[in-house]
Each structure stands twice: as structure tokens, then as C-alpha cells.
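Following: one structure in C-alpha cells, then a few remarks.
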Amino acid sequence: MAELSTRYNPKEIESRLYEFWESGGFFKPKPDAVPPDGVRWERASAYTVVIPPPNVTGILHMGHALNNTLQDILVRWHRMKGEPTLWVPGTDHAGIATQNVVEKKLEKEGKKRQDLGREKFIEEVWKWKEEHGTTITKQLRRLGASCDWSRERFTMDEGLSKAVREAFTQLYEKGLIYQGNYIINWCPRCQTALSDEEAPSTETEGKLYYYYYLVKDPKTGKLSREGAPLIATTRPETMLGDSAVAVNPKDGRYKNLEKLEIYLPLQNRPLKVIRDDFVDPEFGTGVVKVTPAHDPNDFEMGIRHQLEQRNILTPDGRINEKGKPYEGLDRFEARMKIIEDLKAAGLFEKEVPHRHAVPHCYRCHTVVEPYLSKQWFVKMKPLAEKALKAHATGKVKITPERWNKVYTNWLENIRDWCISRQIWWGHPIPVKGDPDVLDTWFSSWLWPFSTLGWPEETEDLKRFYPTSDLVTAPEILFFWVARMIMAGLEFMGEVPFKNVLIHGTVRAQSGLKMSKSLGNAIDPIEVIDEVGADALRLSLVMLAAQDVYLSKEKFEVGKNFTNKLWNAARFSFLNLKDFKAGEFDPGLDFKKLTPVNRWILSRLEETALEVEFNLKRFALAQAATGLYHFVWGKFCDWYIELVKPTLTGPDCREKEETEKVLFTVLDQILRLLHPWAPFITEELWQKLKEFAKDKSDWPPSLMLAAWPHVEKRRFEDKASEESFKVLEQAVGGIRELRADLNLPPGQALSAVIRYRNKAAHEALLVFQKEIQKLARLDSLELKGEFKRTAAYVGHAASEVEVFIQIEGVIDREKEKARLEKKIEEVERYLDSIRKKLENPNFRRNAPEELVVEEEGKLLEQEALLKTLREHYELFK
RNA sequence: GGGCGAAUAGCUCAGCCGGCUAGAGCACUCGGCUUACAUCCGAGAGGUCACAGGUUCGAAUCCUGUUUCGCCCACCA
């Protein structure tokens, strides 16, 4: 075998391995997988995930990296378990976002979309998609995502367009789609309707303007502010669309308001006076101007009181002919002009600062205008009811738990969904002569089944629907997840997935959302270039128990760990060089193995159990952390160090056995780690494979190798684990003394270890050689006598007492102080245990085992204290 | 305005059903190039678990309230 470099270099291997996997067809579900009982896999046993389709315009950001890493871990795990596993990839046409991108591109060429005309423009968008639409899928490959690319879909491809038409038709025929004049969120820049979810509000420091309306004197017919109501509004320009003023029916202050003839200033139009419960007497002056065409509440009031709906805005946010004399002005210009004019007319009272929520377009951040227009809607109540029921009966589970309430709360208060958009790029509404297109989400909500072929009854649909797990960020719980559940139930009669895993949002270290425009984004591809995809994945996942606050240093964890793994394997390969595996099953010989080998196998099996337990409950971070500590803290720090002399020593039975165990442990580690770190584990596993004598039953890729599932424990050995604790105490004690005493590295050292019980004695006998090696001792005596010529320093743990004897002089005062500190510590601890045990209530109420445990601790600590005191006497 | 979440070492976080002297990684201090790895090895220092009450033999963990931060939702003009 070629020598491995001393450092892990991900660049060399990543693209080569991905190509190997993809061209080998390993990402495709097994067509003929057969479970142990010989029955063909049933639909229920397939494992399916559909990717949250990134926008075609997108470039991979950290949110994607986390999201897809989590999916890939689950997918690779299930695939290794032997389940027919399918991860469906694809991209979203992202209506407004994509249209904006292409418009911007045209702008640079000095063109507008209107210049091209609709047909030509759409051609341009497709052209753009062909050229740039593969960026994100290429980037997902760099991450290692094991999607079945042969099944890649696009929300505007032919099949999905058909699904969209079918879904629309079905809803239409059921009477769940209607068209109506409605007040909707309108983006004057994008010139389209937006759903409520697309128009998020931001708290804004605004102003509340107070000014007088006019009253007509019945005698003179003159208009004046005498006795007229003062009103307050944040958007004075909408007064041009006023139809009435309203007060609360119970508001005593305005009993006679109806008797007045109220007129609108500037336009001098008569207004109605109405009374409505909506009006809050506490807010402003208690009098509200009513503008049915430009405010959602006023719209409702307008319906209740049959008011005129006066639309005063053009689609691009300018005042139209109804708003004379302000016609042609932009809405914000008009606001200023109107305030000026009101001031000039002596009607303006004051302006006060006012914090309020202002909706903005989620794409271009323009202030959204409530706007009256004809739109298409889906009646959501009937769909939501089914989705609530499916959730209540446990058909869909959301993890973490707390999101369940958020989900149900939203569905219970659902409002109809405005699905038409006045843009060009999107699915046309299949209604003759309608120029609108459908909301992007109208195609994405069908994603879990449309990607599998619906409305055709395909094999894929039968085999892989419903899917298994959906992994997503919380931001699109309503946009997407809830709607998919509704669509799945409506069109397929079944929930689209069984589990929803919601992970944290990736933020910059500052706590802000990462975004390119804020300049605080860390590019995952850059990180992959620097430390490798595996390091990125491991770091992200280990941090991702909740929201992730990222900075570049955080990828060190993964980087260092992959390098450690690389070197552990490198060491193994150097020492396995004349080894032929294949026929070896440690399970057969387990009882005959050396204690060290039994110990590592026992720990390995425990780790495998823990990893699977955590994977099952979607605790991917905990699973990764557990593996990390096993590999680094046990396998590298102890096992490899312990078996070094054996492996590098002369050939013997023990050496052969150790090589076999090392081979097994490394193989299992690589398998366990593969879902998190697919590249490095594959690379190392392929090398490991070269040592196996019989490779016929080894799959071509680690991706397809069997997952270390522990059905029944084969390697459990509590005794060797206990002995190992004694070893750790002994070695740790000597190291501590060495460091405390600041001994020079070459210092010759003899140690004496005394034991407290038979088990400890046996453990010491078993590991005597190892202790000597790890603690770098010249000699080691068990329960030996102290030489009169040497000075001694001691350390006592629960089961062993460790002394080192040093020829020559040691600093007695320093050692005295050290012992005093230790004695004090133990006394304090002993005190707390005694207090606990002396409390009669503790004995009465605490569980039996706990009391026994505490009593054990008491004896242990007492013995320890005795030794420390005896030793202290020597230094007095 | 309503709902949710967070508050633990200098930093980022783990601590499930209440009970091992509250842990890890980074940073820090001391000592080491020990024939896999200095992206490393060994040792160490560092915490009144936000605050105030309560339940309990026992609370970082459960309950109540307070403070600070974050997120989501909402039509108060």
C-alpha cells in the first residue's frame, strides 16, 4: 500500500470519491433489496426523504449546508441498514426571486422585461436556468449529499406542471378555489400580490399624524374645522380613498357625530359617519378614517356598512385619477405633499412618533401596500381540518416537540390562501385569458408526491410514498410543511411524511441571520476548500442541537478530528501490513482475548448502541459527540497507546490477535462515522479493505456496507471495564505526580502502587506492564516496601494508592502543602456524604441503590483520607 | 398585544425521567517533537448553574414570579 500522508488532505479525495459513488449508482435505492425473512421489501420499509428544494437562483449557504448534512446523515444511515433508500433532489423555480434575477440581468443590458414581451422574457428565464440553475446542485455534491440525481426534479418541469394543473382542477371542482375582489398585500415594485407569509412585518419607527376633517355649516354651506373630528393616521395619503369616518358605538364623546355633515379636506368630498365595534376609543382620538380599498380592517368595515371602495393607487404605487390633485405622485411623495397642504389649510394638528409593524416584501423589502384587486384564493379551512386531525392522531410527528403547538395554532387560525401572482415566471393559472401565475408554493406543496410521478400512478409513487422524514428549518413551517401535509391528505389521502425534523437557524456569531447583504455570511464552499466537507459537516452537526451561531474558528473541531481519525488509521495500516483478515470473527473468541482487547470491543459496542439510540430520536448532535469521544478519548488516547508495544514488537499470538481486533474496531468506527463524514471514512475503508483476505462479501463502497447494528450484545465485558478504571487511576496518579512535582522529562522514576481490594490487585497484575509503559516508569512494585534512601510522594484514588520514590531530595514543604490541599478536599466531600447519610429522611425516601452507593463512597473516601494523612505524617 | 425559546467556565455549548465532587470543545497556564498525529501528547487553573421565592430527604433540572436577550404570530388606524 502506498504510504498515507501524515496530514489528512481532503482535496485529493473528495471529488474522486463523489464521482465513484455517483457513477457507481450507489445513490439509487436498491431495486431488489431483500430483508432477512426473504419477503420482498414492502412499501413501508422503504426510507424516503425529499429535499427541501433550494431556489434555482440560490447559492449554497450555511443553512443549506446544515439542512442537507442532516438529511444526508439520516439517508446514509438508513441506506447502510439495508433499507431501500431514496433521497429525491430538485430545485424550486422560485417565481419572484428568479424573475428578479433575470430582470436585473436585463437591466444591465439596458433592457426591461416589458421590452421583450412575456414570451421572450420567459425564454430568457429558461435560458438563465439552463446556464446557472446547476450551481446549487453542484454545490450539494461538494457537500457529499447522496441524492439520487437520476430522479432530480424542477418545480416547472413537465411532470410537475401537470401535477399543478391537476391539483388546481381538483380543488376547483370541489369548490375550494374562488376568485374575488379582496384586499391583499401588494408589492408596488414587483407589482404582484403577496401572501401574508411573503409580507413579513418589521417594527418600524413611524409617525402618527393628527389632523382635522371638515364640517359643513348647514346654514352657510361653508366647510370648516369648527366642531369637526380630529383623526389620527399613519398613512395620510390614503385619505384620498376615504369613504367614511367611524367611531365606537359606545363612545360617548361623539354622540352627535352623525348629525354633522363630514367632509374630506383637500378633496372636499362628503363622507359617511358610521359606528363600528372595531374602533378602539382608546387609540388616537377614537375617530377612524375608513379607507376600504387600502386597509384590511377598513375593507371589512366597508363590507359591513356598504361603503364605496375607492382605489386611489396605480399598480406601481402612484396616486391615480381618483386622487386628484395628487395624481401621478408616488405614495410617499403624496404623503408629504398632503401634510404640507393640510398645514397650509390650518387643519394639521400634530405628529407624534409611533412604533408600528409595517409589512415588507420578502424579496425586495419594499413597503407592501394593502391593495384591492381581483385574486384567486384557496379555501383553507377544509384542508386544515384534515391536517389537524392527521396530526392529532399521530400520523405526523414534529421534532422537537415544542413546534407541534406552533403548527396546530397556525392551522386553527388559518386564512384563505391567495394563490395568484401578477408576474410572468411561474405556472399559468389554467383558466382562459387569465394572465396571472400561481404562487410558487402552489407547486412546492405537492413536492413529496409530484416528484414521485403524481398524478400518474407510478411505481415510485407506490414504493416511496408516503416519505419518511422531512428535515427543514423553522422558517418554512407554514409556507411549506403545513401546506404539504394538507396537500398530501387532499390529493393522496395520506400524510406526505411521518416525521418532521426541525433544526436550528444558522446565524452569524453576532446573532444576526447570516446573509450576503449583511456581509456576515460564511461561504460553506470556502470552508470545504479549507478544511474539507467532512470537517464542515461534523462541526455543523455537533453545534446544531439548537440555533447555530457560527464563526470560522468553529470548524476547527471537525478539522482536527478528521486529521486525528486519519492518523489513527494511518498508524493501524502501518502495523497491519502483514495481516490477512477475512476469516476472523472476534465474537467467536471474545472470552479468550486479552483484557485490553476485550475492553475496547466492549466500549465499541456500547458506543454503537448509543449512536443508534440517538439517531433514532433525531439527536444527531449527541450521536456525533459520542462517537467523537470514543474515537479520540478511548480508541486513540488509550487503546492505540496500550497496544503499541505489542504491535511493534516481535510476532506472537497476542500480536496477531491484537491486529485482528484493531482491524475490527477500525472497520466499525469507519462504518459508524460514515453518515457524518462520508469522504474520509470511505477513503480509509477502501484502504482497510486491502488487508482483508477474502473480500468477496465486501460491498464496493462503505456507503453500502452493513451498519453496526447491535441486536444482542456480543462483546460485553464489565470486568475488563472495571479493571480499566484501575489502570486509568494508576496511570493518571503517576502522571499527576510527575506534573505536580515538575519533574524533568528524563527523570528516572520508580513507583509503588498499593491496592485496596482484591479486584484492584487483579487489575494491577493484569495491566502492570501497560501501566509501566504509559506512565513511563523504570520500575513498578505492587504493594512494595519503601526504600529508606528515597523520598516519597503519594497520590490516592478510590481503589489504588500510588507512590513514587525519588532518589535524592524533594521539596518537603511543597509536598506538605500539596497533601494539605488534598486532605482538605476529601474532608469536605466526606462531610457532604456524612450529612446526607445522617439525614433519616434520606434513608427513608431515597432509593435503596442510592443509599448503598453513598455508603460505598463513604468507605472509599475514608480509606483515601487515611492514606493521605499517613503520608502527610511522613513529611511532618 | 399574544405565543415560544434561551440564560451553566473568558467564548460556544452538553447536562434525558430531580440523586455519580456540574461536563466538553476553543481560549488560558505549566511540562513535553514519547518511532500515527505539534491539526499532537500529559497535567492544571477557571462556575454562588440570570435573580427571588416555593415543592422535596435532595433542585442546574420541577412550579411561581422578576429581569435580560432572541424568534414567531397579530388588523389597533
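Within each chain, counting starts at residue 1; across the C-alpha cells, chains are named A, B, ... in the order shown, with ligands numbered 1 upward in that order.
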
What's the 7 Å shell around region 824-835 of chain A, counting only C-alpha atoms (C1' of nucleotides), without same-chain residues fewer than 6 positions away, as number ranges by chain?
-> A: 854, 858, 861, 865; B: 21

List every residue of region 29-64 of chain B that has an atom at most 12 Å from any atom of region 639-655 of chain A, and for each one report the closest atom pair and its distance in Å to one decimal, counting only C-alpha atoms (C1' of nucleotides), with rows sorted by chain and then by increasing residue number, as CSV.
residue,atom,partner,partner_atom,distance
B:U34,C1',A:Glu641,CA,10.5
B:U35,C1',A:Thr648,CA,9.4
B:A36,C1',A:Ile640,CA,9.2
B:C41,C1',A:Glu641,CA,10.8

CA of Ser444 (chain A) sits from C1' of C72 (chain B) at a separation of 22.1 Å

CA of Pro265 (chain A) to CA of Asn185 (chain A), straight-line distance in Å =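 Separation between CA of Asn185 (chain A) and CA of Pro265 (chain A): 27.4 Å.
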
Which residue, A:Ala199, A:Cys636, A:Cys190, A:Ala863, has the smallest gap to C40 (chain B) when you use only C-alpha atoms (C1' of nucleotides)?
->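 Closest residue, counting only C-alpha atoms (C1' of nucleotides): A:Cys636.
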
Residues of region 777-819 of chain A in helix (DSSP H, G or I), written as a PyMOL selection string = chain A and resi 812-819

Just C-alpha atoms for this one: save the residues we selected as a PDB file, in the first residue's frame.
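As written to disk, selection_5.pdb reads:
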ATOM      1  CA  ARG A 812       9.201  18.667  51.605  1.00  0.00           C
ATOM      2  CA  GLU A 813       7.331  21.936  52.112  1.00  0.00           C
ATOM      3  CA  LYS A 814       5.810  21.773  48.665  1.00  0.00           C
ATOM      4  CA  GLU A 815       4.714  18.196  49.140  1.00  0.00           C
ATOM      5  CA  LYS A 816       3.258  19.048  52.531  1.00  0.00           C
ATOM      6  CA  ALA A 817       1.189  21.855  51.050  1.00  0.00           C
ATOM      7  CA  ARG A 818       0.016  19.639  48.227  1.00  0.00           C
ATOM      8  CA  LEU A 819      -1.153  16.980  50.678  1.00  0.00           C
TER       9      LEU A 819
END

Within 6 Å of chain B, which residues of chain A are there when counting only C-alpha atoms (C1' of nucleotides)? Please give them as a list in words.
->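 Therefore, the residues near the partner are Thr233, Asn297, Asn560, Asn567, Ala568, Arg570, Phe571, Ala739, Asn841 and Phe842 of chain A.
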
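Counting only C-alpha atoms (C1' of nucleotides), Phe449 (chain A) has the following residues at most 7 Å away, ignoring those fewer than 5 positions along the same chain: Trp454, Leu461 and Tyr465 of chain A.
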